[in-house]
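Asks: Handing over input-v2.pdb, PDB, C-alpha atoms.
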ATOM      1  CA  MET A   1       0.000   0.000   0.000
ATOM      2  CA  GLN A   2       1.346   3.424  -0.982
ATOM      3  CA  THR A   3       2.243   5.751   1.896
ATOM      4  CA  LYS A   4       0.238   8.977   1.977
ATOM      5  CA  LYS A   5       2.074  12.153   2.963
ATOM      6  CA  ILE A   6       0.401  14.641   5.283
ATOM      7  CA  TYR A   7       1.965  18.103   5.320
ATOM      8  CA  TYR A   8       1.557  19.685   8.727
ATOM      9  CA  TRP A   9       2.193  23.019  10.386
ATOM     10  CA  ALA A  10       2.679  23.510  14.115
ATOM     11  CA  SER A  11       3.866  26.521  16.073
ATOM     12  CA  ASP A  12       5.345  24.282  18.771
ATOM     13  CA  ILE A  13       6.928  20.828  18.426
ATOM     14  CA  SER A  14       9.070  20.975  21.557
ATOM     15  CA  SER A  15       9.196  18.008  23.923
ATOM     16  CA  TYR A  16       9.632  20.482  26.818
ATOM     17  CA  SER A  17       6.307  22.316  26.542
ATOM     18  CA  GLY A  18       2.665  21.255  26.876
ATOM     19  CA  GLU A  19       1.682  22.458  23.394
ATOM     20  CA  GLY A  20       4.648  20.658  21.853
ATOM     21  CA  ILE A  21       3.963  17.415  23.706
ATOM     22  CA  LEU A  22       0.312  17.606  22.627
ATOM     23  CA  ALA A  23       1.374  18.139  18.989
ATOM     24  CA  ASN A  24       3.739  15.169  19.020
ATOM     25  CA  SER A  25       1.116  13.032  20.752
ATOM     26  CA  PHE A  26      -1.386  13.866  17.997
ATOM     27  CA  ILE A  27       1.077  12.928  15.254
ATOM     28  CA  LYS A  28       1.891   9.662  17.037
ATOM     29  CA  TYR A  29      -1.837   8.911  17.447
ATOM     30  CA  TYR A  30      -2.572   9.588  13.789
ATOM     31  CA  LEU A  31       0.335   7.425  12.612
ATOM     32  CA  LYS A  32      -0.954   4.568  14.743
ATOM     33  CA  LYS A  33      -4.567   4.965  13.622
ATOM     34  CA  TYR A  34      -3.758   5.304   9.914
ATOM     35  CA  LYS A  35      -0.691   3.114   9.332
ATOM     36  CA  ASN A  36      -0.092   4.109   5.722
ATOM     37  CA  VAL A  37       0.587   7.805   6.360
ATOM     38  CA  ASN A  38       3.684   9.912   6.951
ATOM     39  CA  PHE A  39       3.921  13.467   8.326
ATOM     40  CA  GLU A  40       6.051  16.186   6.717
ATOM     41  CA  ASN A  41       6.834  19.399   8.633
ATOM     42  CA  VAL A  42       6.327  22.407   6.314
ATOM     43  CA  SER A  43       8.093  24.760   8.766
ATOM     44  CA  LEU A  44      11.116  22.691   9.740
ATOM     45  CA  LYS A  45      13.526  25.586   9.047
ATOM     46  CA  ASP A  46      11.234  28.261  10.486
ATOM     47  CA  LYS A  47      13.046  29.997  13.375
ATOM     48  CA  TYR A  48       9.676  30.829  14.959
ATOM     49  CA  GLN A  49       8.650  27.188  15.209
ATOM     50  CA  LYS A  50       9.169  26.297  18.872
ATOM     51  CA  LYS A  51      11.621  23.411  19.138
ATOM     52  CA  ASN A  52      13.635  21.859  21.972
ATOM     53  CA  ASN A  53      16.129  24.741  22.054
ATOM     54  CA  PHE A  54      13.451  27.416  22.623
ATOM     55  CA  PHE A  55      14.732  28.362  26.099
ATOM     56  CA  LYS A  56      17.860  29.869  24.467
ATOM     57  CA  ASN A  57      15.670  32.652  23.048
ATOM     58  CA  LYS A  58      12.472  32.586  25.111
ATOM     59  CA  THR A  59      11.483  36.174  24.233
ATOM     60  CA  ARG A  60      11.000  35.120  20.590
ATOM     61  CA  TYR A  61       8.328  32.595  21.572
ATOM     62  CA  GLU A  62       6.625  34.882  24.080
ATOM     63  CA  SER A  63       6.171  37.648  21.503
ATOM     64  CA  LEU A  64       2.844  38.754  20.055
ATOM     65  CA  PHE A  65       4.157  37.788  16.604
ATOM     66  CA  HIS A  66       4.668  34.168  17.624
ATOM     67  CA  LYS A  67       1.287  33.921  19.363
ATOM     68  CA  TYR A  68      -0.985  35.723  16.909
ATOM     69  CA  LEU A  69       0.715  36.340  13.535
ATOM     70  CA  HIS A  70       2.855  33.235  13.167
ATOM     71  CA  PRO A  71      -0.265  30.998  12.854
ATOM     72  CA  LEU A  72      -1.355  33.060   9.828
ATOM     73  CA  ILE A  73       1.976  32.268   8.172
ATOM     74  CA  GLY A  74       1.242  28.619   8.862
ATOM     75  CA  ILE A  75      -2.113  28.905   7.114
ATOM     76  CA  TYR A  76      -0.403  30.543   4.111
ATOM     77  CA  LYS A  77       2.131  27.684   3.879
ATOM     78  CA  LEU A  78      -0.634  25.093   4.044
ATOM     79  CA  TRP A  79      -2.510  26.804   1.205
ATOM     80  CA  ILE A  80       0.605  26.520  -0.995
ATOM     81  CA  VAL A  81       0.736  22.796  -0.218
ATOM     82  CA  PHE A  82      -3.018  22.430  -0.789
ATOM     83  CA  LEU A  83      -2.786  24.027  -4.248
ATOM     84  CA  PHE A  84      -0.456  21.174  -5.201
ATOM     85  CA  ARG A  85      -3.251  18.780  -4.145
ATOM     86  CA  LYS A  86      -1.542  17.607  -0.985
ATOM     87  CA  GLN A  87      -3.213  16.690   2.318
ATOM     88  CA  THR A  88      -2.785  19.438   4.916
ATOM     89  CA  CYS A  89      -2.808  19.353   8.711
ATOM     90  CA  TYR A  90      -2.837  22.227  11.213
ATOM     91  CA  ILE A  91      -1.852  21.103  14.704
ATOM     92  CA  ASN A  92      -1.285  24.119  16.987
ATOM     93  CA  TYR A  93      -1.697  26.952  18.114
ATOM     94  CA  LEU A  94      -5.458  26.155  17.981
ATOM     95  CA  PRO A  95      -7.654  27.931  20.585
ATOM     96  CA  LEU A  96     -11.400  27.700  19.986
ATOM     97  CA  TRP A  97     -11.931  31.472  20.187
ATOM     98  CA  ASN A  98      -9.714  32.147  17.129
ATOM     99  CA  PHE A  99     -12.401  31.622  14.485
ATOM    100  CA  LEU A 100     -10.152  33.118  11.767
ATOM    101  CA  ILE A 101      -7.972  30.005  11.824
ATOM    102  CA  PHE A 102     -10.944  27.689  11.238
ATOM    103  CA  LEU A 103     -12.308  30.012   8.554
ATOM    104  CA  LEU A 104      -9.068  30.513   6.610
ATOM    105  CA  LEU A 105      -7.593  26.998   6.622
ATOM    106  CA  PRO A 106      -7.663  25.047   3.327
ATOM    107  CA  PRO A 107     -10.599  22.655   2.817
ATOM    108  CA  SER A 108     -10.264  19.156   4.329
ATOM    109  CA  THR A 109      -7.395  20.200   6.582
ATOM    110  CA  ILE A 110      -6.844  17.788   9.470
ATOM    111  CA  LEU A 111      -7.166  19.622  12.775
ATOM    112  CA  GLY A 112      -4.996  18.919  15.792
ATOM    113  CA  PRO A 113      -6.580  19.008  19.263
ATOM    114  CA  ILE A 114      -8.458  22.253  19.904
ATOM    115  CA  THR A 115      -7.340  24.019  23.057
ATOM    116  CA  GLY A 116      -8.368  26.974  25.208
ATOM    117  CA  ASN A 117      -9.634  27.690  28.686
ATOM    118  CA  ILE A 118     -12.889  28.828  30.274
ATOM    119  CA  ILE A 119     -11.518  30.540  33.383
ATOM    120  CA  ARG A 120     -11.614  34.158  32.311
ATOM    121  CA  MET A 121     -12.057  36.967  34.785
ATOM    122  CA  ASN A 122     -11.991  39.976  32.493
ATOM    123  CA  ILE A 123     -14.172  42.159  30.279
ATOM    124  CA  PHE A 124     -13.330  40.089  27.197
ATOM    125  CA  TYR A 125     -15.076  36.940  28.480
ATOM    126  CA  LYS A 126     -18.347  37.566  26.598
ATOM    127  CA  PHE A 127     -16.496  38.478  23.394
ATOM    128  CA  LEU A 128     -14.392  35.310  23.517
ATOM    129  CA  SER A 129     -17.458  33.171  24.197
ATOM    130  CA  PHE A 130     -19.119  34.757  21.159
ATOM    131  CA  PHE A 131     -16.049  33.985  19.035
ATOM    132  CA  GLU A 132     -16.102  30.385  20.289
ATOM    133  CA  ARG A 133     -19.680  29.976  19.055
ATOM    134  CA  ILE A 134     -18.677  31.322  15.641
ATOM    135  CA  SER A 135     -15.800  28.833  15.532
ATOM    136  CA  LEU A 136     -18.130  25.951  16.377
ATOM    137  CA  LEU A 137     -20.449  26.898  13.503
ATOM    138  CA  ILE A 138     -17.498  26.984  11.091
ATOM    139  CA  ILE A 139     -16.098  23.697  12.409
ATOM    140  CA  LYS A 140     -19.437  21.894  12.017
ATOM    141  CA  ILE A 141     -19.545  22.920   8.353
ATOM    142  CA  ARG A 142     -15.902  22.616   7.312
ATOM    143  CA  PHE A 143     -14.358  19.783   9.334
ATOM    144  CA  LYS A 144     -15.170  16.162  10.098
ATOM    145  CA  GLU A 145     -13.065  14.645  12.889
ATOM    146  CA  ILE A 146     -12.782  17.058  15.833
ATOM    147  CA  TYR A 147     -10.681  16.572  18.939
ATOM    148  CA  PHE A 148     -10.610  18.786  22.027
ATOM    149  CA  SER A 149      -7.624  18.575  24.337
ATOM    150  CA  HIS A 150     -10.024  18.787  27.324
ATOM    151  CA  ASN A 151     -13.749  18.520  28.055
ATOM    152  CA  PHE A 152     -14.451  22.189  28.856
ATOM    153  CA  TYR A 153     -16.290  22.999  25.632
ATOM    154  CA  ASN A 154     -18.158  19.711  25.397
ATOM    155  CA  ILE A 155     -19.803  20.532  28.725
ATOM    156  CA  LYS A 156     -20.094  24.285  28.226
ATOM    157  CA  TYR A 157     -21.826  23.981  24.835
ATOM    158  CA  LYS A 158     -23.353  20.484  25.249
ATOM    159  CA  LEU A 159     -21.658  19.232  22.101
ATOM    160  CA  ASP A 160     -22.341  15.989  20.273
ATOM    161  CA  LYS A 161     -19.807  13.510  21.691
ATOM    162  CA  THR A 162     -19.727  11.453  18.488
ATOM    163  CA  LYS A 163     -18.412  14.398  16.442
ATOM    164  CA  PHE A 164     -16.576  16.376  19.138
ATOM    165  CA  LYS A 165     -14.244  14.048  21.016
ATOM    166  CA  SER A 166     -13.012  15.360  24.374
ATOM    167  CA  ASN A 167      -9.978  14.947  26.642
ATOM    168  CA  PHE A 168      -7.489  14.010  23.933
ATOM    169  CA  ILE A 169      -4.774  15.157  26.344
ATOM    170  CA  LEU A 170      -5.583  12.168  28.598
ATOM    171  CA  LYS A 171      -5.109   9.617  25.825
ATOM    172  CA  ASP A 172      -1.714   8.377  27.060
ATOM    173  CA  PHE A 173      -2.364   8.635  30.801
ATOM    174  CA  VAL A 174      -1.210   5.620  32.853
ATOM    175  CA  LEU A 175      -0.834   5.057  36.580
ATOM    176  CA  LYS A 176       2.726   4.144  37.560
ATOM    177  CA  LYS A 177       4.206   2.325  40.498
ATOM    178  CA  LYS A 178       4.410   4.502  43.596
ATOM    179  CA  ARG A 179       7.833   5.799  44.558
ATOM    180  CA  LYS A 180       8.549   5.332  48.252
ATOM    181  CA  LYS A 181      11.124   8.081  48.848
ATOM    182  CA  LYS A 182       9.739  11.617  48.591
ATOM    183  CA  ILE A 183      12.232  14.497  48.794
ATOM    184  CA  PHE A 184      10.052  17.540  48.055
ATOM    185  CA  ASP A 185       6.861  18.568  49.814
ATOM    186  CA  ILE A 186       5.528  20.608  46.863
ATOM    187  CA  ILE A 187       6.466  20.855  43.198
ATOM    188  CA  ILE A 188       5.422  23.827  41.032
ATOM    189  CA  TYR A 189       5.564  24.250  37.268
ATOM    190  CA  PHE A 190       6.124  27.994  36.908
ATOM    191  CA  ARG A 191       5.960  30.042  33.712
ATOM    192  CA  LYS A 192       6.284  33.837  33.761
ATOM    193  CA  ASN A 193       3.364  34.239  31.353
ATOM    194  CA  SER A 194       1.147  31.794  33.269
ATOM    195  CA  LYS A 195      -2.037  32.536  35.217
ATOM    196  CA  LEU A 196      -0.182  31.076  38.199
ATOM    197  CA  SER A 197       1.408  34.418  39.084
ATOM    198  CA  LYS A 198       4.780  34.875  40.730
ATOM    199  CA  ASN A 199       3.379  37.051  43.527
ATOM    200  CA  TYR A 200       0.752  34.465  44.382
ATOM    201  CA  ILE A 201       3.330  31.668  44.602
ATOM    202  CA  LEU A 202       5.760  33.701  46.711
ATOM    203  CA  ASP A 203       2.972  34.735  49.084
ATOM    204  CA  LEU A 204       1.769  31.139  49.243
ATOM    205  CA  LEU A 205       5.211  29.807  50.176
ATOM    206  CA  LYS A 206       5.636  32.573  52.741
ATOM    207  CA  ASN A 207       2.299  31.695  54.372
ATOM    208  CA  LEU A 208       3.241  28.015  54.525
ATOM    209  CA  GLU A 209       6.401  28.618  56.542
ATOM    210  CA  THR A 210       6.336  27.834  60.253
ATOM    211  CA  LYS A 211       8.929  27.817  63.046
ATOM    212  CA  LYS A 212       8.273  24.131  63.534
ATOM    213  CA  TYR A 213       8.920  22.944  59.989
ATOM    214  CA  LYS A 214      10.480  24.238  56.766
ATOM    215  CA  PHE A 215       8.910  22.655  53.720
ATOM    216  CA  LYS A 216      10.987  21.730  50.678
ATOM    217  CA  TYR A 217       9.858  22.996  47.263
ATOM    218  CA  ALA A 218      10.857  22.097  43.710
ATOM    219  CA  VAL A 219      10.291  24.460  40.764
ATOM    220  CA  ILE A 220      10.523  23.508  37.088
ATOM    221  CA  GLY A 221      10.233  25.956  34.187
ATOM    222  CA  ASP A 222      11.178  29.588  34.762
ATOM    223  CA  ASN A 223      13.191  30.247  37.899
ATOM    224  CA  LEU A 224      11.436  31.426  41.042
ATOM    225  CA  GLU A 225      13.713  33.742  43.006
ATOM    226  CA  THR A 226      13.226  32.514  46.560
ATOM    227  CA  LYS A 227      15.498  30.777  49.046
ATOM    228  CA  HIS A 228      12.697  28.340  49.876
ATOM    229  CA  ALA A 229      12.706  26.548  46.525
ATOM    230  CA  LYS A 230      15.112  24.589  44.343
ATOM    231  CA  ASN A 231      14.934  25.624  40.689
ATOM    232  CA  PHE A 232      15.499  22.944  38.048
ATOM    233  CA  GLY A 233      14.791  25.096  34.974
ATOM    234  CA  PHE A 234      13.362  23.675  31.736
ATOM    235  CA  LEU A 235      13.605  19.910  31.575
ATOM    236  CA  THR A 236      12.751  17.118  29.198
ATOM    237  CA  ARG A 237       9.517  15.441  30.184
ATOM    238  CA  ASN A 238      11.326  12.335  31.443
ATOM    239  CA  ARG A 239      13.616  14.419  33.647
ATOM    240  CA  ALA A 240      10.640  16.434  34.931
ATOM    241  CA  ILE A 241       8.818  13.188  35.774
ATOM    242  CA  ASP A 242      11.824  12.087  37.820
ATOM    243  CA  ILE A 243      11.556  15.262  39.959
ATOM    244  CA  ILE A 244       7.755  14.966  40.133
ATOM    245  CA  SER A 245       7.962  11.374  41.399
ATOM    246  CA  LYS A 246      10.068  12.617  44.318
ATOM    247  CA  SER A 247       7.360  15.080  45.403
ATOM    248  CA  LYS A 248       4.322  14.704  47.673
ATOM    249  CA  PHE A 249       2.063  17.509  46.398
ATOM    250  CA  ALA A 250       1.846  19.876  43.421
ATOM    251  CA  VAL A 251       0.179  23.217  42.672
ATOM    252  CA  SER A 252      -1.426  23.286  39.230
ATOM    253  CA  ASN A 253      -2.056  26.169  36.863
ATOM    254  CA  PRO A 254      -5.490  27.641  37.767
ATOM    255  CA  GLU A 255      -6.677  27.658  34.134
ATOM    256  CA  ASN A 256      -5.712  24.061  33.301
ATOM    257  CA  LEU A 257      -7.202  20.901  34.747
ATOM    258  CA  TYR A 258      -5.312  18.024  33.119
ATOM    259  CA  SER A 259      -2.151  19.594  31.754
ATOM    260  CA  TYR A 260       0.742  17.208  31.140
ATOM    261  CA  PHE A 261       2.287  18.441  34.376
ATOM    262  CA  VAL A 262      -0.881  17.502  36.282
ATOM    263  CA  GLN A 263      -1.089  14.154  34.493
ATOM    264  CA  ASP A 264       2.512  13.327  35.326
ATOM    265  CA  CYS A 265       1.800  14.197  38.964
ATOM    266  CA  LEU A 266      -1.297  11.993  39.125
ATOM    267  CA  SER A 267       0.488   9.205  37.294
ATOM    268  CA  ASN A 268       3.228   9.267  39.944
ATOM    269  CA  HIS A 269       0.833   9.453  42.931
ATOM    270  CA  VAL A 270       1.447  13.145  43.620
ATOM    271  CA  LYS A 271      -1.609  14.943  44.994
ATOM    272  CA  ILE A 272      -2.731  18.052  43.123
ATOM    273  CA  PHE A 273      -4.075  21.365  44.417
ATOM    274  CA  TYR A 274      -6.265  22.553  41.542
ATOM    275  CA  ASN A 275      -8.758  25.322  40.783
ATOM    276  CA  LYS A 276     -12.071  24.762  42.557
ATOM    277  CA  ASN A 277     -13.901  26.390  39.626
ATOM    278  CA  LEU A 278     -12.892  23.427  37.444
ATOM    279  CA  LYS A 279     -14.388  20.831  39.761
ATOM    280  CA  LYS A 280     -17.329  19.968  37.490
ATOM    281  CA  TYR A 281     -14.893  19.048  34.680
ATOM    282  CA  GLU A 282     -12.862  16.691  36.881
ATOM    283  CA  ILE A 283     -13.356  13.061  35.817
ATOM    284  CA  PHE A 284     -11.110  11.048  38.147
ATOM    285  CA  LYS A 285     -13.070  11.993  41.286
ATOM    286  CA  ASN A 286     -10.451  10.762  43.731
ATOM    287  CA  LYS A 287      -8.617  12.066  46.783
ATOM    288  CA  SER A 288      -5.569  12.991  44.705
ATOM    289  CA  MET A 289      -7.342  16.130  43.446
ATOM    290  CA  ILE A 290      -7.702  18.792  46.155
ATOM    291  CA  PRO A 291      -9.568  22.006  45.219
ATOM    292  CA  ILE A 292      -8.380  25.485  46.259
ATOM    293  CA  LYS A 293      -9.721  28.879  45.179
ATOM    294  CA  PHE A 294      -6.559  30.638  43.877
ATOM    295  CA  ASN A 295      -7.973  34.013  44.974
ATOM    296  CA  SER A 296      -6.243  34.252  48.369
ATOM    297  CA  SER A 297      -2.783  32.903  49.134
ATOM    298  CA  VAL A 298      -3.638  33.036  52.847
ATOM    299  CA  ALA A 299      -6.819  30.920  52.526
ATOM    300  CA  ASP A 300      -5.197  28.511  50.071
ATOM    301  CA  ALA A 301      -2.164  28.137  52.335
ATOM    302  CA  ARG A 302      -4.457  26.940  55.131
ATOM    303  CA  VAL A 303      -5.851  24.153  52.927
ATOM    304  CA  ILE A 304      -2.403  23.178  51.660
ATOM    305  CA  PHE A 305      -0.847  23.281  55.134
ATOM    306  CA  LYS A 306      -3.580  21.042  56.514
ATOM    307  CA  ASN A 307      -2.784  18.413  53.873
ATOM    308  CA  LEU A 308       0.978  18.796  54.219
ATOM    309  CA  LYS A 309       0.776  18.189  57.962
ATOM    310  CA  LYS A 310      -0.665  14.739  57.363
ATOM    311  CA  THR A 311       2.484  13.609  55.560
ATOM    312  CA  SER A 312       5.248  15.816  57.001
ATOM    313  CA  PHE A 313       4.805  15.991  60.794
TER     314      PHE A 313
END
Show the structure stored in the file as structure tokens.
Replies:
Amino acid sequence: MQTKKIYYWASDISSYSGEGILANSFIKYYLKKYKNVNFENVSLKDKYQKKNNFFKNKTRYESLFHKYLHPLIGIYKLWIVFLFRKQTCYINYLPLWNFLIFLLLPPSTILGPITGNIIRMNIFYKFLSFFERISLLIIKIRFKEIYFSHNFYNIKYKLDKTKFKSNFILKDFVLKKKRKKKIFDIIIYFRKNSKLSKNYILDLLKNLETKKYKFKYAVIGDNLETKHAKNFGFLTRNRAIDIISKSKFAVSNPENLYSYFVQDCLSNHVKIFYNKNLKKYEIFKNKSMIPIKFNSSVADARVIFKNLKKTSF
């Protein structure tokens, strides 16, 4: 049987970032599902495509150009491929609110997992929800097989589960053998542009300190300037998992429920403090998921301290 080439564009193919891991997971899934296909990267030499060396020039990938204009270049490249009658695939950046992407992509383009979040506390919430509805109308008309990285939109818009498949991000989740020796009390995945703000974390750690016991913290990602934590920087996923498996608890990003960081924590029997507002989307329903509000470091510290005491004192 002749191998079919699929020409794909992705803004992020790094094995260090969530978006990149999701992109590579989608490619791996598609190759397994359709065995006679092969993927070709149309932006392999593009300096704005986020690869494993992105931390050497992080400002490039945090720019407005990378986030909002670079995807349009991807659409342009896919149109060139499409005009030569080739199969196209757009993997990421793919938030539901960006209806222009779904409108402008070539016909029959394969879509990677659609992302986005529903925790928005600003004046743009209603506008973004309106854009999401426009995107859903376009998707229903133009595309066939739809995957969401999570289940937020399936519940929010009561979508047809046969057409809109949810929680793609959980596809490879497995529970591993529990590690006996735990070195760190809490592990945090910190990014400067994350909703998990630096001030909140620093205040949280400060409120957790007592004269009786000094907790040990691990930080991966961007460095957190505090004497209370050990910074490991950006790691491969396997290296990050090694640090995670040595931890007792983790603080998640308040806008994500099952990020790869959270999954790796759950997989390695690390309990997660997650956003209480996401409770209705939580599917595991076990004692490893502990809700906090993320609106007061003092109140959240009380909940965290109560759980830490059970394992540390």
Asks: What separation in Å, quoted to one decimal, exists between atom CA of Gly20 of chain A and atom CA of Leu83 of chain A?
Replies: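 Atom CA of Leu83 of chain A lies 27.3 Å from atom CA of Gly20 of chain A.
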Asks: Between segment 124-238 of chain A and segment 87-104 of chain A, at 6 Å or less, what are the per-residue closest atom pairs and their distances in Å? Count all atoms listed in the file, order by chain and rising residue number, and return it as a Markdown table.
Replies:
| residue | atom | partner | partner_atom | distance |
| --- | --- | --- | --- | --- |
| A:Leu128 | CA | A:Trp97 | CA | 5.6 |
| A:Phe131 | CA | A:Trp97 | CA | 5.0 |
| A:Glu132 | CA | A:Trp97 | CA | 4.3 |
| A:Ser135 | CA | A:Phe99 | CA | 4.5 |
Asks: In terms of the shortest atom-to-atom distance over only C-alpha atoms, which of A:Ser288, A:Ser297, A:Thr59, A:Thr115 is closest to Asn167 of chain A?
Replies: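 Between A:Ser288, A:Ser297, A:Thr59, A:Thr115, the residue approaching Asn167 of chain A most closely is A:Thr115.
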Asks: Pick out the closest residue to Arg237 of chain A from this set: A:Thr3, A:Thr162, A:Gln263, A:Asn36. Count all atoms listed in the file.
Replies: A:Gln263
Asks: For a test of reading the model, state the distance in Å between atom CA of Asp12 of chain A and atom CA of Ile27 of chain A, rounded to one decimal.
Replies: 12.6 Å
Asks: Tell me which of A:Ile119, A:Leu257, A:Leu266, A:Val298 sits closest to Asn286 of chain A, counting all atoms listed in the file.
Replies: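 Among the listed residues, the smallest separation from Asn286 of chain A belongs to A:Leu266.
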Asks: Apply the PyMOL selection byres ((chain A and resi 13) around 8) to the file shown and report the selected residues as a list of chain:residue names.
Replies: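 Checking the PyMOL selection byres ((chain A and resi 13) around 8) against this file, the residues are A:Ala10, A:Ser11, A:Asp12, A:Ser14, A:Ser15, A:Glu19, A:Gly20, A:Ile21, A:Ala23, A:Asn24, A:Gln49, A:Lys50, A:Lys51, A:Asn52.
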Asks: Which residue out of A:Phe215, A:Phe55, A:His150, A:Tyr61 has the minimum interatomic distance to Thr236 of chain A when all atoms listed in the file are used?
Replies: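 For Thr236 of chain A, the nearest of the candidates is A:Phe55.
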Asks: What is the distance between atom CA of Tyr29 of chain A and atom CA of Ser149 of chain A, in Å to one decimal?
Replies: 13.2 Å
Asks: Neighbours of Lys206 of chain A within 10 Å (all atoms listed in the file; same-chain residues fewer than 4 positions away dropped), as number ranges by chain?
Replies: A: 200-202, 210, 226, 228, 297-298, 301
Asks: Restricting the calculation to only C-alpha atoms: of A:Asn231, A:Ser267, A:Ser259, A:Ser129, which residue gets closest to Ala218 of chain A?
Replies: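 Closest candidate: A:Asn231.
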Asks: Out of A:Ile220, A:Ile155, A:Val42, A:Ile110, which residue has the shortest atom-to-atom distance to Lys77 of chain A when counting all atoms listed in the file?
Replies: A:Val42
Asks: Find the spatial neighbours of Val251 of chain A, counting all atoms listed in the file, within a cut-off of 9 Å - ignore same-chain residues fewer than 3 positions away - and output them as a list in words.
Replies: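 Near neighbours after the sequence-gap exclusion: Ile186, Ile187, Ile188, Tyr189, Pro254, Val262, Lys271, Ile272, Phe273 and Tyr274 of chain A.
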Asks: Starting from the displayed file, determine the output of the PyMOL selection byres ((chain A and resi 43) around 10) and express the residue list as a PyMOL selection string.
Replies: chain A and resi 7-11+40-42+44-49+73-74+77-78
Asks: Starting from the displayed file, determine the output of the PyMOL selection byres ((chain A and resi 247) around 12) and express the residue list as a PyMOL selection string.
Replies: chain A and resi 178-188+215-219+240-246+248-251+264-266+268-272+308+311-312
Asks: Please determine an axis-aligned box that encloses all atoms of segment 38-57 of chain A listed in the file, with 8 Å added on each side, and express its centre and edge lengths in Å to one decimal as AutoDock Vina command-line options.
Replies:
--center_x 10.8 --center_y 21.3 --center_z 16.2 --size_x 30.2 --size_y 38.7 --size_z 35.8
Asks: If I put a ball of radius 6 Å at (-9.0, 19.3, 36.5) in the file's coordinates, which residues poke into it when counting all atoms listed in the file, written as a VMD selection string?
Replies: chain A and resid 257 to 258 278 282
Asks: Would you fill out segment 245-256 of chain A with N, CA, C and O atoms and return it as a PDB file, in the coordinates of the input?
Replies:
ATOM      1  N   SER A 245       8.144  12.616  40.644  1.00  0.00           N
ATOM      2  CA  SER A 245       7.962  11.374  41.399  1.00  0.00           C
ATOM      3  C   SER A 245       8.568  11.447  42.797  1.00  0.00           C
ATOM      4  O   SER A 245       8.236  10.645  43.670  1.00  0.00           O
ATOM      5  N   LYS A 246       9.438  12.430  43.007  1.00  0.00           N
ATOM      6  CA  LYS A 246      10.068  12.617  44.318  1.00  0.00           C
ATOM      7  C   LYS A 246       9.304  13.636  45.180  1.00  0.00           C
ATOM      8  O   LYS A 246       9.787  14.030  46.243  1.00  0.00           O
ATOM      9  N   SER A 247       8.138  14.053  44.705  1.00  0.00           N
ATOM     10  CA  SER A 247       7.360  15.080  45.403  1.00  0.00           C
ATOM     11  C   SER A 247       6.069  14.497  45.982  1.00  0.00           C
ATOM     12  O   SER A 247       5.559  13.493  45.492  1.00  0.00           O
ATOM     13  N   LYS A 248       5.550  15.156  47.013  1.00  0.00           N
ATOM     14  CA  LYS A 248       4.322  14.704  47.673  1.00  0.00           C
ATOM     15  C   LYS A 248       3.088  15.395  47.105  1.00  0.00           C
ATOM     16  O   LYS A 248       2.060  14.772  46.872  1.00  0.00           O
ATOM     17  N   PHE A 249       3.187  16.719  46.886  1.00  0.00           N
ATOM     18  CA  PHE A 249       2.063  17.509  46.398  1.00  0.00           C
ATOM     19  C   PHE A 249       2.524  18.404  45.253  1.00  0.00           C
ATOM     20  O   PHE A 249       3.723  18.617  45.057  1.00  0.00           O
ATOM     21  N   ALA A 250       1.557  18.939  44.507  1.00  0.00           N
ATOM     22  CA  ALA A 250       1.846  19.876  43.421  1.00  0.00           C
ATOM     23  C   ALA A 250       0.762  20.942  43.361  1.00  0.00           C
ATOM     24  O   ALA A 250      -0.387  20.694  43.724  1.00  0.00           O
ATOM     25  N   VAL A 251       1.139  22.134  42.901  1.00  0.00           N
ATOM     26  CA  VAL A 251       0.179  23.217  42.672  1.00  0.00           C
ATOM     27  C   VAL A 251       0.027  23.380  41.169  1.00  0.00           C
ATOM     28  O   VAL A 251       1.004  23.612  40.452  1.00  0.00           O
ATOM     29  N   SER A 252      -1.196  23.228  40.673  1.00  0.00           N
ATOM     30  CA  SER A 252      -1.426  23.286  39.230  1.00  0.00           C
ATOM     31  C   SER A 252      -1.652  24.716  38.765  1.00  0.00           C
ATOM     32  O   SER A 252      -1.816  25.634  39.574  1.00  0.00           O
ATOM     33  N   ASN A 253      -1.671  24.890  37.452  1.00  0.00           N
ATOM     34  CA  ASN A 253      -2.056  26.169  36.863  1.00  0.00           C
ATOM     35  C   ASN A 253      -3.566  26.322  37.025  1.00  0.00           C
ATOM     36  O   ASN A 253      -4.317  25.400  36.707  1.00  0.00           O
ATOM     37  N   PRO A 254      -4.051  27.490  37.509  1.00  0.00           N
ATOM     38  CA  PRO A 254      -5.490  27.641  37.767  1.00  0.00           C
ATOM     39  C   PRO A 254      -6.388  27.573  36.545  1.00  0.00           C
ATOM     40  O   PRO A 254      -7.595  27.388  36.668  1.00  0.00           O
ATOM     41  N   GLU A 255      -5.832  27.694  35.326  1.00  0.00           N
ATOM     42  CA  GLU A 255      -6.677  27.658  34.134  1.00  0.00           C
ATOM     43  C   GLU A 255      -6.667  26.294  33.452  1.00  0.00           C
ATOM     44  O   GLU A 255      -7.432  26.062  32.525  1.00  0.00           O
ATOM     45  N   ASN A 256      -5.795  25.395  33.893  1.00  0.00           N
ATOM     46  CA  ASN A 256      -5.712  24.061  33.301  1.00  0.00           C
ATOM     47  C   ASN A 256      -6.111  23.003  34.313  1.00  0.00           C
ATOM     48  O   ASN A 256      -5.781  23.114  35.488  1.00  0.00           O
TER      49      ASN A 256
END
